[in-house]
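Structure below is run.txt: compact mmCIF, C-alpha atoms.
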```txt
# COMPACT_ATOMS: atom_id res chain seq x y z
CA MET Y 1 64.73 -29.91 57.81
CA ARG Y 2 63.01 -26.88 56.33
CA LEU Y 3 61.50 -27.37 52.85
CA LEU Y 4 60.08 -24.84 50.41
CA HIS Y 5 57.42 -26.50 48.25
CA THR Y 6 56.40 -24.87 44.96
CA SER Y 7 55.13 -26.06 41.57
CA ASP Y 8 53.44 -25.12 38.31
CA TRP Y 9 55.63 -22.20 37.29
CA HIS Y 10 54.47 -22.55 33.65
CA LEU Y 11 57.35 -20.43 32.41
CA GLY Y 12 56.47 -18.93 29.04
CA ARG Y 13 52.72 -18.84 29.60
CA ALA Y 14 50.64 -15.72 29.04
CA PHE Y 15 47.51 -14.63 30.90
CA HIS Y 16 45.03 -13.98 28.13
CA ARG Y 17 47.02 -11.49 26.02
CA VAL Y 18 49.32 -10.35 28.86
CA ASN Y 19 52.94 -11.51 28.72
CA MET Y 20 53.73 -12.93 32.17
CA LEU Y 21 57.49 -13.35 31.77
CA GLY Y 22 58.25 -10.27 33.89
CA ALA Y 23 55.96 -11.50 36.67
CA GLN Y 24 57.53 -14.95 36.44
CA ALA Y 25 60.99 -13.39 36.80
CA GLU Y 26 59.77 -11.46 39.84
CA PHE Y 27 58.52 -14.73 41.35
CA ILE Y 28 61.91 -16.39 40.82
CA GLY Y 29 63.53 -13.47 42.64
CA HIS Y 30 61.00 -13.84 45.46
CA LEU Y 31 61.71 -17.58 45.64
CA VAL Y 32 65.46 -17.03 45.93
CA THR Y 33 64.97 -14.32 48.57
CA THR Y 34 62.68 -16.60 50.59
CA VAL Y 35 65.22 -19.43 50.47
CA ARG Y 36 67.93 -17.11 51.75
CA GLU Y 37 65.96 -15.16 54.36
CA ARG Y 38 63.96 -18.08 55.78
CA ALA Y 39 66.95 -20.44 56.06
CA VAL Y 40 65.45 -23.06 53.74
CA ASP Y 41 67.33 -26.38 53.63
CA ALA Y 42 65.82 -27.77 50.40
CA VAL Y 43 63.54 -26.58 47.60
CA VAL Y 44 61.05 -28.94 45.93
CA VAL Y 45 59.42 -28.08 42.58
CA SER Y 46 56.59 -30.46 41.71
CA GLY Y 47 56.36 -30.20 37.94
CA ASP Y 48 55.11 -27.99 35.11
CA VAL Y 49 58.26 -25.91 35.14
CA TYR Y 50 57.45 -24.88 31.57
CA ASP Y 51 54.06 -24.34 29.96
CA ARG Y 52 54.77 -26.52 26.92
CA ALA Y 53 57.14 -29.19 25.73
CA VAL Y 54 59.08 -26.79 23.49
CA PRO Y 55 59.19 -23.54 25.49
CA PRO Y 56 60.19 -20.15 24.04
CA LEU Y 57 63.81 -19.12 24.41
CA ALA Y 58 62.99 -16.41 26.94
CA ALA Y 59 61.40 -19.02 29.22
CA VAL Y 60 64.45 -21.28 28.92
CA GLU Y 61 66.72 -18.35 29.81
CA LEU Y 62 64.61 -17.58 32.89
CA PHE Y 63 64.79 -21.22 33.96
CA ASP Y 64 68.56 -21.18 33.48
CA ASP Y 65 68.77 -18.04 35.62
CA ALA Y 66 66.68 -19.73 38.34
CA LEU Y 67 69.00 -22.77 38.38
CA HIS Y 68 72.12 -20.62 38.67
CA ARG Y 69 70.67 -18.52 41.49
CA LEU Y 70 69.47 -21.55 43.45
CA ALA Y 71 72.80 -23.33 42.97
CA ALA Y 72 74.68 -20.22 44.13
CA LEU Y 73 72.82 -20.37 47.45
CA GLY Y 74 74.16 -23.87 48.07
CA VAL Y 75 70.63 -25.07 48.91
CA PRO Y 76 69.67 -28.38 47.23
CA THR Y 77 66.71 -28.34 44.85
CA VAL Y 78 64.68 -31.38 43.79
CA MET Y 79 62.53 -30.91 40.68
CA ILE Y 80 60.23 -33.18 38.65
CA SER Y 81 58.63 -32.83 35.22
CA GLY Y 82 54.89 -32.25 34.87
CA ASN Y 83 52.35 -33.00 32.17
CA HIS Y 84 53.17 -29.71 30.38
CA ASP Y 85 56.91 -30.39 30.36
CA SER Y 86 58.93 -32.53 27.98
CA ALA Y 87 60.50 -34.92 30.47
CA ARG Y 88 63.35 -35.72 28.10
CA ARG Y 89 64.17 -32.07 27.41
CA LEU Y 90 63.91 -31.00 31.03
CA GLY Y 91 66.14 -33.90 32.06
CA VAL Y 92 68.99 -33.12 29.65
CA GLY Y 93 72.20 -32.71 31.64
CA ALA Y 94 70.58 -33.91 34.86
CA GLY Y 95 73.73 -35.75 35.93
CA LEU Y 96 75.93 -32.70 35.56
CA ILE Y 97 73.37 -30.31 37.02
CA GLY Y 98 73.00 -32.64 39.99
CA ARG Y 99 76.61 -31.94 40.93
CA ALA Y 100 75.56 -28.34 41.54
CA GLY Y 101 72.81 -29.48 43.89
CA ILE Y 102 69.93 -29.21 41.38
CA HIS Y 103 68.37 -32.67 41.16
CA LEU Y 104 66.11 -33.17 38.13
CA ARG Y 105 63.89 -36.25 38.32
CA THR Y 106 62.20 -36.85 34.96
CA GLU Y 107 62.61 -40.63 34.42
CA PRO Y 108 59.72 -42.85 35.63
CA SER Y 109 62.18 -45.74 36.06
CA ALA Y 110 63.95 -43.77 38.83
CA ALA Y 111 60.83 -43.38 40.99
CA GLY Y 112 62.30 -45.61 43.71
CA THR Y 113 65.75 -43.99 43.67
CA PRO Y 114 65.74 -40.99 45.99
CA VAL Y 115 67.86 -37.91 46.42
CA VAL Y 116 69.13 -38.32 49.98
CA LEU Y 117 69.85 -35.16 51.96
CA ALA Y 118 70.92 -35.00 55.57
CA ASP Y 119 70.54 -32.60 58.49
CA GLY Y 120 71.42 -32.85 62.15
CA ASP Y 121 68.61 -35.35 62.71
CA GLY Y 122 69.60 -37.79 59.98
CA ASP Y 123 68.66 -38.56 56.38
CA VAL Y 124 65.67 -37.34 54.38
CA ALA Y 125 64.92 -39.31 51.19
CA PHE Y 126 63.31 -37.27 48.40
CA TYR Y 127 61.50 -39.41 45.81
CA GLY Y 128 60.64 -37.72 42.51
CA LEU Y 129 57.59 -39.09 40.67
CA PRO Y 130 57.36 -37.12 37.41
CA TYR Y 131 54.02 -36.96 35.63
CA LEU Y 132 53.21 -40.55 34.69
CA GLU Y 133 51.19 -40.75 31.46
CA PRO Y 134 49.56 -44.18 32.00
CA ALA Y 135 49.64 -45.35 28.38
CA LEU Y 136 53.36 -44.60 28.14
CA VAL Y 137 54.57 -46.03 31.48
CA LYS Y 138 52.31 -49.02 32.14
CA ASP Y 139 54.94 -51.45 30.85
CA GLU Y 140 57.64 -49.85 33.00
CA PHE Y 141 55.52 -50.45 36.10
CA GLY Y 142 54.08 -53.80 35.00
CA VAL Y 143 50.42 -52.85 35.22
CA GLU Y 144 47.88 -54.53 32.96
CA LYS Y 145 45.48 -51.62 32.49
CA ALA Y 146 46.64 -48.07 31.92
CA GLY Y 147 45.24 -45.79 34.59
CA HIS Y 148 46.52 -43.07 36.91
CA GLU Y 149 45.85 -44.98 40.13
CA ALA Y 150 47.52 -48.16 38.83
CA VAL Y 151 50.77 -46.52 37.71
CA LEU Y 152 51.04 -44.22 40.73
CA SER Y 153 50.38 -47.13 43.08
CA ALA Y 154 53.12 -49.15 41.37
CA ALA Y 155 55.52 -46.20 41.60
CA MET Y 156 54.72 -45.76 45.30
CA ASP Y 157 55.32 -49.49 45.88
CA ARG Y 158 58.89 -48.87 44.69
CA VAL Y 159 59.16 -45.87 47.01
CA ARG Y 160 57.98 -47.85 50.04
CA ALA Y 161 60.25 -50.78 49.19
CA ASP Y 162 63.29 -48.51 49.00
CA LEU Y 163 62.34 -46.69 52.19
CA ALA Y 164 61.88 -49.96 54.08
CA ALA Y 165 65.48 -50.92 53.26
CA ARG Y 166 66.89 -47.69 54.71
CA ALA Y 167 67.98 -46.98 58.25
CA PRO Y 168 65.18 -46.63 60.82
CA GLY Y 169 64.21 -43.02 61.30
CA THR Y 170 64.87 -42.02 57.68
CA ARG Y 171 62.31 -39.37 56.82
CA SER Y 172 60.67 -39.27 53.40
CA VAL Y 173 59.30 -36.70 50.96
CA VAL Y 174 57.53 -37.57 47.69
CA LEU Y 175 57.15 -35.11 44.82
CA ALA Y 176 54.29 -36.03 42.48
CA HIS Y 177 52.41 -34.38 39.65
CA ALA Y 178 48.83 -35.69 39.67
CA PHE Y 179 45.17 -34.92 40.28
CA VAL Y 180 44.43 -36.30 43.77
CA THR Y 181 40.86 -36.84 44.96
CA GLY Y 182 39.64 -33.93 47.06
CA GLY Y 183 41.64 -31.36 45.13
CA GLU Y 184 39.80 -28.38 43.62
CA PRO Y 185 40.67 -27.81 39.94
CA SER Y 186 40.62 -24.56 37.98
CA ASP Y 187 40.15 -23.75 34.29
CA SER Y 188 43.86 -23.40 33.58
CA GLU Y 189 44.95 -27.01 34.08
CA ARG Y 190 45.21 -29.40 31.16
CA ASP Y 191 42.81 -32.36 31.38
CA ILE Y 192 44.62 -35.61 32.23
CA THR Y 193 41.58 -37.91 32.26
CA VAL Y 194 42.36 -41.50 31.32
CA GLY Y 195 39.68 -44.16 31.03
CA GLY Y 196 37.12 -41.70 32.31
CA VAL Y 197 39.11 -41.10 35.53
CA ALA Y 198 41.40 -38.15 36.29
CA ALA Y 199 41.83 -38.33 40.08
CA VAL Y 200 43.61 -40.80 42.33
CA PRO Y 201 42.92 -41.29 46.05
CA ALA Y 202 45.27 -39.66 48.56
CA GLY Y 203 45.75 -43.07 50.16
CA VAL Y 204 48.02 -44.01 47.25
CA PHE Y 205 50.72 -41.97 49.03
CA ASP Y 206 50.41 -43.61 52.45
CA GLY Y 207 53.65 -44.38 54.24
CA VAL Y 208 55.67 -41.21 53.66
CA ASP Y 209 56.12 -38.11 55.77
CA TYR Y 210 55.27 -35.41 53.24
CA VAL Y 211 53.78 -35.39 49.73
CA ALA Y 212 54.54 -32.27 47.69
CA LEU Y 213 51.95 -32.20 44.91
CA GLY Y 214 51.81 -30.29 41.65
CA HIS Y 215 49.23 -29.97 38.84
CA LEU Y 216 46.28 -28.16 40.46
CA HIS Y 217 46.76 -24.39 40.54
CA GLY Y 218 45.13 -23.65 43.88
CA CYS Y 219 47.12 -23.99 47.13
CA GLN Y 220 45.36 -26.80 49.02
CA THR Y 221 45.71 -29.10 52.02
CA LEU Y 222 44.24 -32.55 51.32
CA THR Y 223 45.65 -34.01 54.55
CA ASP Y 224 48.26 -32.63 56.92
CA ARG Y 225 50.89 -34.57 54.93
CA VAL Y 226 49.49 -34.22 51.40
CA ARG Y 227 49.42 -30.70 49.95
CA TYR Y 228 49.33 -28.73 46.70
CA SER Y 229 51.39 -25.56 46.59
CA GLY Y 230 49.43 -24.30 43.56
CA SER Y 231 50.81 -22.06 40.83
CA PRO Y 232 52.67 -18.94 41.99
CA LEU Y 233 50.75 -16.80 39.46
CA PRO Y 234 47.17 -16.85 38.15
CA TYR Y 235 46.61 -18.33 34.70
CA SER Y 236 42.80 -18.13 34.42
CA PHE Y 237 39.99 -16.05 35.87
CA SER Y 238 38.75 -19.14 37.71
CA GLU Y 239 41.70 -18.43 40.04
CA ALA Y 240 40.35 -15.00 41.06
CA ALA Y 241 39.79 -16.15 44.65
CA HIS Y 242 43.15 -17.92 44.96
CA ARG Y 243 45.81 -16.76 47.38
CA LYS Y 244 49.03 -17.52 45.50
CA SER Y 245 51.68 -18.95 47.77
CA MET Y 246 54.27 -21.62 48.54
CA TRP Y 247 54.48 -24.03 51.47
CA LEU Y 248 57.30 -23.61 54.00
CA VAL Y 249 57.42 -27.02 55.71
CA ASP Y 250 59.45 -27.87 58.82
CA LEU Y 251 59.99 -31.65 58.96
CA ALA Y 252 60.99 -32.71 62.48
CA ALA Y 253 63.23 -35.62 63.47
CA ASP Y 254 60.21 -37.81 64.27
CA GLY Y 255 58.50 -37.06 60.93
CA SER Y 256 56.00 -34.59 62.36
CA LEU Y 257 55.65 -31.33 60.46
CA ASP Y 258 54.55 -27.73 60.60
CA ALA Y 259 53.54 -25.89 57.42
CA GLU Y 260 53.28 -22.17 56.74
CA ARG Y 261 52.06 -20.40 53.61
CA VAL Y 262 54.44 -17.87 52.08
CA ASP Y 263 52.63 -15.44 49.77
CA CYS Y 264 53.89 -14.87 46.22
CA PRO Y 265 53.97 -11.46 44.51
CA VAL Y 266 51.09 -11.14 42.05
CA PRO Y 267 51.32 -8.33 39.46
CA ARG Y 268 47.65 -7.43 39.55
CA ALA Y 269 44.46 -8.60 41.28
CA LEU Y 270 41.84 -10.55 39.33
CA ALA Y 271 38.18 -9.56 39.30
CA ARG Y 272 35.05 -11.14 37.80
CA ILE Y 273 32.21 -8.66 37.45
CA ARG Y 274 28.69 -9.27 36.15
CA GLY Y 275 25.74 -7.10 35.19
CA THR Y 276 24.41 -4.89 32.45
CA LEU Y 277 26.94 -2.61 30.81
CA GLU Y 278 25.35 0.53 32.23
CA ASP Y 279 25.27 -0.93 35.74
CA LEU Y 280 28.93 -1.94 35.58
CA LEU Y 281 29.95 1.51 34.39
CA ALA Y 282 27.97 3.27 37.13
CA ASP Y 283 28.28 0.97 40.19
CA PRO Y 284 30.39 2.78 42.84
CA ASP Y 285 31.10 -0.51 44.63
CA LEU Y 286 33.25 -1.57 41.68
CA ALA Y 287 35.79 1.21 42.18
CA ARG Y 288 38.24 -1.22 43.76
CA GLN Y 289 38.17 -3.32 40.57
CA GLU Y 290 39.35 -0.48 38.33
CA GLU Y 291 43.02 -1.48 38.61
CA ALA Y 292 42.42 -5.23 38.43
CA TRP Y 293 42.54 -7.59 35.47
CA VAL Y 294 38.84 -7.93 34.73
CA GLU Y 295 36.56 -10.56 33.26
CA ALA Y 296 33.23 -8.86 32.59
CA THR Y 297 30.04 -10.83 31.99
CA LEU Y 298 27.35 -8.66 30.39
CA THR Y 299 23.73 -9.59 31.07
CA ASP Y 300 22.11 -7.06 28.70
CA PRO Y 301 19.18 -8.71 26.82
CA VAL Y 302 20.58 -7.18 23.61
CA ARG Y 303 24.30 -6.88 23.00
CA PRO Y 304 25.25 -3.20 23.53
CA ALA Y 305 27.34 -1.19 21.09
CA ASP Y 306 31.13 -1.06 21.59
CA PRO Y 307 31.06 -2.85 24.96
CA MET Y 308 34.81 -3.46 25.26
CA ALA Y 309 35.74 0.11 24.38
CA ARG Y 310 33.27 1.46 26.91
CA LEU Y 311 34.34 -0.97 29.63
CA THR Y 312 38.02 -0.18 29.25
CA GLU Y 313 37.30 3.51 29.84
CA ARG Y 314 36.53 2.60 33.46
CA PHE Y 315 38.32 -0.76 33.73
CA PRO Y 316 41.43 -0.29 31.56
CA HIS Y 317 42.72 -3.81 32.27
CA THR Y 318 39.65 -5.69 31.03
CA LEU Y 319 40.91 -8.86 29.36
CA SER Y 320 37.81 -11.00 28.89
CA LEU Y 321 34.29 -10.15 27.80
CA VAL Y 322 31.48 -12.69 28.12
CA PHE Y 323 27.83 -12.31 27.07
CA ASP Y 324 25.19 -14.06 29.17
CA PRO Y 325 21.88 -12.24 28.51
CA ASP Y 326 19.16 -12.33 31.14
CA ARG Y 327 16.06 -13.35 29.20
CA ASP Y 328 13.48 -16.13 29.21
CA ASP Y 329 14.88 -17.85 26.11
CA ALA Y 330 18.48 -17.51 27.28
CA GLU Y 331 19.13 -21.24 27.15
CA SER Y 332 18.48 -21.38 23.43
CA GLU Y 333 20.63 -18.30 22.86
CA VAL Y 334 23.68 -19.37 24.88
CA SER Y 335 26.73 -19.50 22.66
CA TYR Y 336 28.24 -22.79 21.60
CA ALA Y 337 31.40 -22.05 23.58
CA ARG Y 338 29.40 -21.33 26.75
CA ARG Y 339 27.43 -24.56 26.39
CA LEU Y 340 30.66 -26.53 26.16
CA ALA Y 341 32.35 -24.82 29.11
CA GLY Y 342 33.32 -27.27 31.84
CA ARG Y 343 32.46 -30.37 29.80
CA SER Y 344 35.03 -33.03 28.99
CA ASP Y 345 35.79 -34.27 25.47
CA GLN Y 346 34.02 -37.50 26.37
CA GLN Y 347 30.85 -35.69 27.45
CA ILE Y 348 30.83 -33.52 24.31
CA ALA Y 349 31.20 -36.58 22.09
CA GLU Y 350 28.42 -38.43 23.90
CA ASP Y 351 26.13 -35.39 23.56
CA PHE Y 352 26.89 -35.28 19.83
CA VAL Y 353 25.93 -38.95 19.45
CA ALA Y 354 22.68 -38.30 21.30
CA HIS Y 355 21.94 -35.24 19.14
CA VAL Y 356 22.54 -37.07 15.85
CA ARG Y 357 21.01 -40.42 16.71
CA GLY Y 358 18.34 -39.46 19.22
CA THR Y 359 19.83 -41.62 21.97
CA GLY Y 360 23.18 -41.56 23.73
CA PRO Y 361 25.93 -44.18 23.37
CA ASP Y 362 25.53 -47.50 25.17
CA PRO Y 363 28.23 -48.69 27.62
CA HIS Y 364 30.23 -50.44 24.88
CA GLU Y 365 30.18 -47.32 22.71
CA GLN Y 366 31.21 -45.19 25.68
CA CYS Y 367 34.26 -47.43 26.11
CA VAL Y 368 35.11 -47.08 22.42
CA LEU Y 369 34.96 -43.29 22.67
CA ARG Y 370 37.00 -43.29 25.90
CA ASP Y 371 39.70 -45.52 24.38
CA ALA Y 372 39.85 -43.27 21.31
CA PHE Y 373 40.36 -40.11 23.38
CA ASP Y 374 42.99 -41.83 25.54
CA ALA Y 375 44.88 -42.99 22.43
CA VAL Y 376 44.77 -39.53 20.85
CA ARG Y 377 46.10 -37.85 23.97
CA ALA Y 378 48.90 -40.39 24.38
CA ASP Y 379 49.83 -39.96 20.72
CA GLU Y 380 49.86 -36.16 21.12
CA THR Y 381 52.17 -36.52 24.11
CA VAL Y 382 54.59 -38.68 22.12
CA ARG Y 383 54.57 -36.31 19.12
CA GLU Y 384 54.99 -33.22 21.32
CA VAL Y 385 58.05 -34.70 23.03
CA ALA Y 386 59.52 -35.82 19.69
CA ARG Y 387 59.33 -32.34 18.14
```
Take the structure from the file and write it as structure tokens.
Amino acid sequence: MRLLHTSDWHLGRAFHRVNMLGAQAEFIGHLVTTVRERAVDAVVVSGDVYDRAVPPLAAVELFDDALHRLAALGVPTVMISGNHDSARRLGVGAGLIGRAGIHLRTEPSAAGTPVVLADGDGDVAFYGLPYLEPALVKDEFGVEKAGHEAVLSAAMDRVRADLAARAPGTRSVVLAHAFVTGGEPSDSERDITVGGVAAVPAGVFDGVDYVALGHLHGCQTLTDRVRYSGSPLPYSFSEAAHRKSMWLVDLAADGSLDAERVDCPVPRALARIRGTLEDLLADPDLARQEEAWVEATLTDPVRPADPMARLTERFPHTLSLVFDPDRDDAESEVSYARRLAGRSDQQIAEDFVAHVRGTGPDPHEQCVLRDAFDAVRADETVREVAR
């Protein structure tokens, strides 16, 4: 069976101030063409279909168009909700849509109930594990402490139990939306840390033939059977080195597989350039960056006049301007935003305690802060879905 694995469409999302809807529509067209021309037997979409729980109308219309075009091909599609999606909204009409071959899996309780597709070699069971917010699903899975590893392990126990009851030789595919240990994150993913832990070990998914992951935006191979497709388009400059693609996976009768990357159309290259303003404007080696979307980091000791206007004369698609002056006292001059970059809410809070009190929080206080952040995020998830 030939599978096309994609994820993290983030329909409705912009790239800085650039509307990406046209590029997202082009990707959908590319997806449909790939399914048709490469004789794909099933499409799997591993979450974050939309960029937010209540997407703009134009994004909903594009999603509707994608469903109609996939259904018209007669190729089954299995799709799960991600941490950016409203599972309840995405799952509306799932029963009816399923009759057209588009199988939406958004309910945690259905983790052990697969979509079963068949080819000439027998059945393939597709298990959809939507994003599992630990605080909201721990009771469903009967775990005492809310954590990503605990709830995913419990969900996978249901998968393995169902698979064990099926005919010998039944192949298996799991769709999951999670941060798995060994994956390389980028700046454009929403933090899902719970209890100080964001990642789960790949061993949680042992026992199945292929694991189609979503959440991280870079295409990655964690093991031969556990892979991220990544997002089809860039959503932050941290993705400048990414090769945007999908996985074309051939799953043989014995469960062995071959995987090939299929490149996605990207509207414009990304470039990160660094130096003084005068150097950036004069450097001949930067000619190839003139048509790219640019993030420019200026190292001038003193902020130059009209830097964005001058940069855009040479690099008309400059979208981000960062100041990082090269000087001895640079550490004291670094902006507040730059000092916070890459730090979690927990780390920022602990630094604040240390700054105010002169000493950081003790282990008990760290737990109090962690529980507070976990509760706030769970509450935000509930309120976002209820809107």
Go through stretch 217-310 of chain Y and flag each residue having an atom no more than 12 Å from stretch 49-64 of chain Y; for those, report the closest pair of atoms plus their distance in Å to one decimal, using all atoms listed in the file, ordered by chain and rising number, as a Markdown table.
```
| residue | atom | partner | partner_atom | distance |
| --- | --- | --- | --- | --- |
| Y:Ser231 | CA | Y:Val49 | CA | 10.1 |
| Y:Pro232 | CA | Y:Val49 | CA | 11.3 |
| Y:Tyr235 | CA | Y:Asp51 | CA | 10.7 |
```
- Message: Which residues are close to Y:Ala269, i.e. within 8 Å by only C-alpha atoms, leaving aside same-chain residues fewer than 2 positions away? Reply as JSON, numbers by chain.
- Response: {"Y": [240, 266, 267, 271, 291, 292, 293]}
- Task: Give me, please, the distance in Å between atom CA of Y:Val322 and atom CA of Y:Ala296, quoted to one decimal.
- Result: 6.1 Å
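Between atom CA of Y:Leu248 and atom CA of Y:Leu31 the interatomic distance comes to 11.2 Å.
Remark: for Y:Thr170, the closest of the candidate residues Y:Ala118, Y:Leu321, Y:Ala349, Y:Ala87 is Y:Ala118 (distances computed over only C-alpha atoms).
Atom CA of Y:Asp224 lies 18.7 Å from atom CA of Y:Met156.
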